[in-house]
Amino acid sequence: MDTQITLRVDGADRPLTVDTRTSLLDAMRERLGATSAKKGCDHGQCGACTVLLDGRRVNSCLVLAVTAEGQEVTTSDGLAADGPHRLHETFVDHDAYQCGYCTPGQITSAAGVLAEAAQGWPSAVTEDLVADRTDLTDAEIRERMSGNLCRCAAYANIVPAVAQVAVEQGVRA
Ligand code: FES
Ligand code: FES
């Protein structure tokens, strides 16, 4: 069944008619030409499609487009609306990608991790609250971003790229 919705993607309202079974990822990529989020597995297993939904990380291949109406969808492109986000710059500085296919998802996920740490969500590695220790460790970054796979195995450079921004944002000593 088709229905008319308006998605707010990277700050722009985008009206469209979709089958109610359409994923947010397919709606963005195939209907709106918003191709920042990538399709890897289409099953919630790779993280290439990661976007922020009202600031919270989600796999957009697992979200129905109709349920995203009224929420703010932010992709890696949206993070760069006012010029490159610091994560874009540190990913370049640290060579944190090879083919780049996973990179928009990695960067969007990393932006979510930094926000989570700033809010003091419980550690994914220890019993501690991250914000109490301003300690977004390498292990914490790896654990929190374990849903973002990189076929090129650029992890060794992705972690320091995220860590550098964590220091700059005060969530890592
Ligand atoms: Fe969504 Fe892989 S394409 S998790
Ligand atoms: Fe190629 Fe990550 S840079 S998949």
# chains A, B, ... in the order shown; residues from 1 in each chain; ligands from 1
$ residues_near_ligand --ligand "ligand 1" --cutoff "10 Å" --atoms "only C-alpha atoms and all ligand atoms" --output "JSON list (two decimals) with C-alpha atoms, in the first residue's frame"
[["chain", "number", "residue", "atom", "x", "y", "z"],
["A", 23, "SER", "CA", 13.00, 1.04, 4.30],
["A", 25, "LEU", "CA", 17.55, 3.53, 3.38],
["A", 26, "ASP", "CA", 15.75, 2.67, 0.14],
["A", 37, "ALA", "CA", 24.13, 6.22, 3.58],
["A", 38, "LYS", "CA", 25.27, 3.06, 1.82],
["A", 39, "LYS", "CA", 23.66, -0.34, 1.39],
["A", 40, "GLY", "CA", 25.92, -3.21, 2.40],
["A", 41, "CYS", "CA", 23.97, -6.15, 3.78],
["A", 42, "ASP", "CA", 20.42, -4.71, 3.96],
["A", 43, "HIS", "CA", 20.02, -6.89, 7.07],
["A", 44, "GLY", "CA", 21.33, -4.80, 9.96],
["A", 45, "GLN", "CA", 24.69, -6.51, 10.02],
["A", 46, "CYS", "CA", 27.24, -4.10, 8.52],
["A", 47, "GLY", "CA", 26.43, -0.54, 9.61],
["A", 48, "ALA", "CA", 27.08, 0.98, 6.16],
["A", 49, "CYS", "CA", 23.59, 2.49, 6.26],
["A", 50, "THR", "CA", 23.98, 4.16, 9.69],
["A", 51, "VAL", "CA", 22.18, 7.49, 10.10],
["A", 58, "VAL", "CA", 20.14, 3.50, 13.66],
["A", 59, "ASN", "CA", 20.64, 1.13, 10.77],
["A", 60, "SER", "CA", 18.44, 2.79, 8.17],
["A", 61, "CYS", "CA", 17.94, -0.53, 6.35],
["A", 62, "LEU", "CA", 15.99, -1.74, 9.40],
["A", 63, "VAL", "CA", 13.81, 1.38, 9.79],
["A", 102, "CYS", "CA", 31.78, 2.10, 4.86],
["A", 105, "GLY", "CA", 28.33, 5.00, 8.15],
["A", 147, "GLY", "CA", 28.34, -2.63, 14.45],
["A", 148, "ASN", "CA", 30.20, -0.79, 11.70],
["A", 149, "LEU", "CA", 32.17, -3.26, 9.63]]
$ residues_near_ligand --ligand "ligand 2" --cutoff "8 Å" --atoms "only C-alpha atoms and all ligand atoms" --output "JSON, numbers by chain"
{"A": [96, 97, 98, 99, 100, 101, 102, 103, 149, 150, 151, 152, 153, 154]}
$ select_by_dssp --residues "range 29-150 of chain A" --states "strand (DSSP E)" --output "list in words"
Thr50, Val51, Leu52, Leu53, Arg56, Arg57, Val58, Asn59, Glu72, Val73 and Thr74 of chain A
$ closest_atom_pairs --of "range 116-170 of chain A" --to "range 85-93 of chain A" --cutoff "12 Å" --atoms "only C-alpha atoms" --output "JSON lines"
{"residue": "A:Ala154", "atom": "CA", "partner": "A:Phe91", "partner_atom": "CA", "distance": 10.4}
{"residue": "A:Tyr155", "atom": "CA", "partner": "A:Phe91", "partner_atom": "CA", "distance": 11.1}
{"residue": "A:Ala156", "atom": "CA", "partner": "A:Phe91", "partner_atom": "CA", "distance": 11.5}
{"residue": "A:Asn157", "atom": "CA", "partner": "A:Phe91", "partner_atom": "CA", "distance": 7.9}
{"residue": "A:Ile158", "atom": "CA", "partner": "A:Phe91", "partner_atom": "CA", "distance": 6.7}
{"residue": "A:Val159", "atom": "CA", "partner": "A:Phe91", "partner_atom": "CA", "distance": 9.4}
{"residue": "A:Pro160", "atom": "CA", "partner": "A:Thr90", "partner_atom": "CA", "distance": 8.4}
{"residue": "A:Ala161", "atom": "CA", "partner": "A:Thr90", "partner_atom": "CA", "distance": 5.0}
{"residue": "A:Val162", "atom": "CA", "partner": "A:Leu87", "partner_atom": "CA", "distance": 6.7}
{"residue": "A:Ala163", "atom": "CA", "partner": "A:Thr90", "partner_atom": "CA", "distance": 9.3}
{"residue": "A:Gln164", "atom": "CA", "partner": "A:Thr90", "partner_atom": "CA", "distance": 7.2}
{"residue": "A:Val165", "atom": "CA", "partner": "A:Leu87", "partner_atom": "CA", "distance": 6.6}
{"residue": "A:Ala166", "atom": "CA", "partner": "A:Leu87", "partner_atom": "CA", "distance": 9.7}
{"residue": "A:Val167", "atom": "CA", "partner": "A:Arg86", "partner_atom": "CA", "distance": 11.6}
{"residue": "A:Glu168", "atom": "CA", "partner": "A:Arg86", "partner_atom": "CA", "distance": 9.3}
{"residue": "A:Gln169", "atom": "CA", "partner": "A:Arg86", "partner_atom": "CA", "distance": 10.1}
$ select_by_dssp --residues "range 1-168 of chain A" --states "alpha helix (DSSP H)" --output "VMD selection string"
chain A and resid 24 to 26 76 to 79 86 to 93 103 to 119 130 to 133 138 to 144 155 to 168
$ write_last_selection --atoms "C-alpha atoms" --output "compact mmCIF listing (two decimals), in the first residue's frame"
# COMPACT_ATOMS: atom_id res chain seq x y z
CA LEU A 24 14.35 4.46 5.20
CA LEU A 25 17.55 3.53 3.38
CA ASP A 26 15.75 2.67 0.14
CA SER A 76 27.29 11.97 6.93
CA ASP A 77 26.52 14.57 4.26
CA GLY A 78 24.28 16.37 6.72
CA LEU A 79 27.08 16.52 9.27
CA ARG A 86 35.88 17.38 12.46
CA LEU A 87 35.37 13.65 11.93
CA HIS A 88 35.59 14.15 8.17
CA GLU A 89 38.89 15.96 8.68
CA THR A 90 40.40 13.47 11.10
CA PHE A 91 39.37 10.52 8.91
CA VAL A 92 41.38 12.16 6.13
CA ASP A 93 44.29 13.03 8.43
CA THR A 103 33.02 5.61 5.66
CA PRO A 104 29.73 7.59 5.76
CA GLY A 105 28.33 5.00 8.15
CA GLN A 106 31.51 5.01 10.23
CA ILE A 107 31.48 8.79 10.52
CA THR A 108 27.78 9.01 11.36
CA SER A 109 28.21 6.25 13.93
CA ALA A 110 31.26 8.00 15.41
CA ALA A 111 29.26 11.22 15.73
CA GLY A 112 26.68 9.21 17.65
CA VAL A 113 29.35 7.68 19.88
CA LEU A 114 30.73 11.11 20.76
CA ALA A 115 27.25 12.35 21.63
CA GLU A 116 26.60 9.24 23.75
CA ALA A 117 29.86 9.75 25.64
CA ALA A 118 29.07 13.42 26.23
CA GLN A 119 25.70 12.44 27.69
CA VAL A 130 32.07 7.37 30.32
CA ALA A 131 31.35 11.01 31.07
CA ASP A 132 32.54 10.64 34.66
CA ARG A 133 36.01 9.70 33.49
CA ASP A 138 40.18 2.85 22.26
CA ALA A 139 38.43 -0.24 23.64
CA GLU A 140 35.28 1.82 24.19
CA ILE A 141 35.37 3.20 20.66
CA ARG A 142 35.92 -0.28 19.21
CA GLU A 143 33.05 -1.75 21.24
CA ARG A 144 30.65 1.07 20.53
CA TYR A 155 39.97 -0.09 11.96
CA ALA A 156 43.51 0.70 13.11
CA ASN A 157 43.15 4.17 11.60
CA ILE A 158 39.45 4.70 12.30
CA VAL A 159 39.96 4.43 16.08
CA PRO A 160 42.60 7.20 16.31
CA ALA A 161 40.52 9.40 13.99
CA VAL A 162 37.59 9.15 16.39
CA ALA A 163 39.86 9.41 19.45
CA GLN A 164 41.29 12.71 18.24
CA VAL A 165 37.84 14.29 18.05
CA ALA A 166 36.99 12.75 21.43
CA VAL A 167 39.95 14.60 22.97
CA GLU A 168 38.91 17.82 21.27
$ atom_distance --atom1 "CA of Ile5 in chain A" --atom2 "CA of Thr17 in chain A"
6.2 Å
$ closest_residue --among "A:Glu72, A:Asp95, A:Asp54, A:Asp82" --to "Gly11 in chain A" --atoms "only C-alpha atoms"
A:Glu72
$ closest_residue --among "A:Gly70, A:Val171, A:Thr75, A:Ala81" --to "Gly120 in chain A" --atoms "only C-alpha atoms"
A:Val171
$ atom_distance --atom1 "CA of Ala12 in chain A" --atom2 "CA of Gln71 in chain A"
11.5 Å
$ residues_around --residues "Arg14 in chain A" --least-positions-apart "3" --cutoff "12 Å" --atoms "only C-alpha atoms" --output "list in words"
Gln4, Ile5, Thr6, Leu7, Arg8, Val9, Asp10, Gly11, Thr17, Val18, Ala27, Met28, Arg31, Leu32, Gly33, Ala34, Ala65, Ala68, Glu69, Gly70, Glu72 and Val73 of chain A
$ closest_residue --among "A:Ser146, A:Pro122, A:Arg172, A:Thr35" --to "Thr134 in chain A" --atoms "only C-alpha atoms"
A:Arg172
$ atom_distance --atom1 "CA of Ala173 in chain A" --atom2 "CA of Thr137 in chain A"
9.0 Å
$ closest_residue --among "A:Leu136, A:Glu127, A:Ala80, A:Leu16" --to "Val66 in chain A" --atoms "only C-alpha atoms"
A:Leu16
$ closest_residue --among "A:Gly170, A:Ser36, A:Pro15, A:Thr22" --to "Leu64 in chain A" --atoms "only C-alpha atoms"
A:Thr22
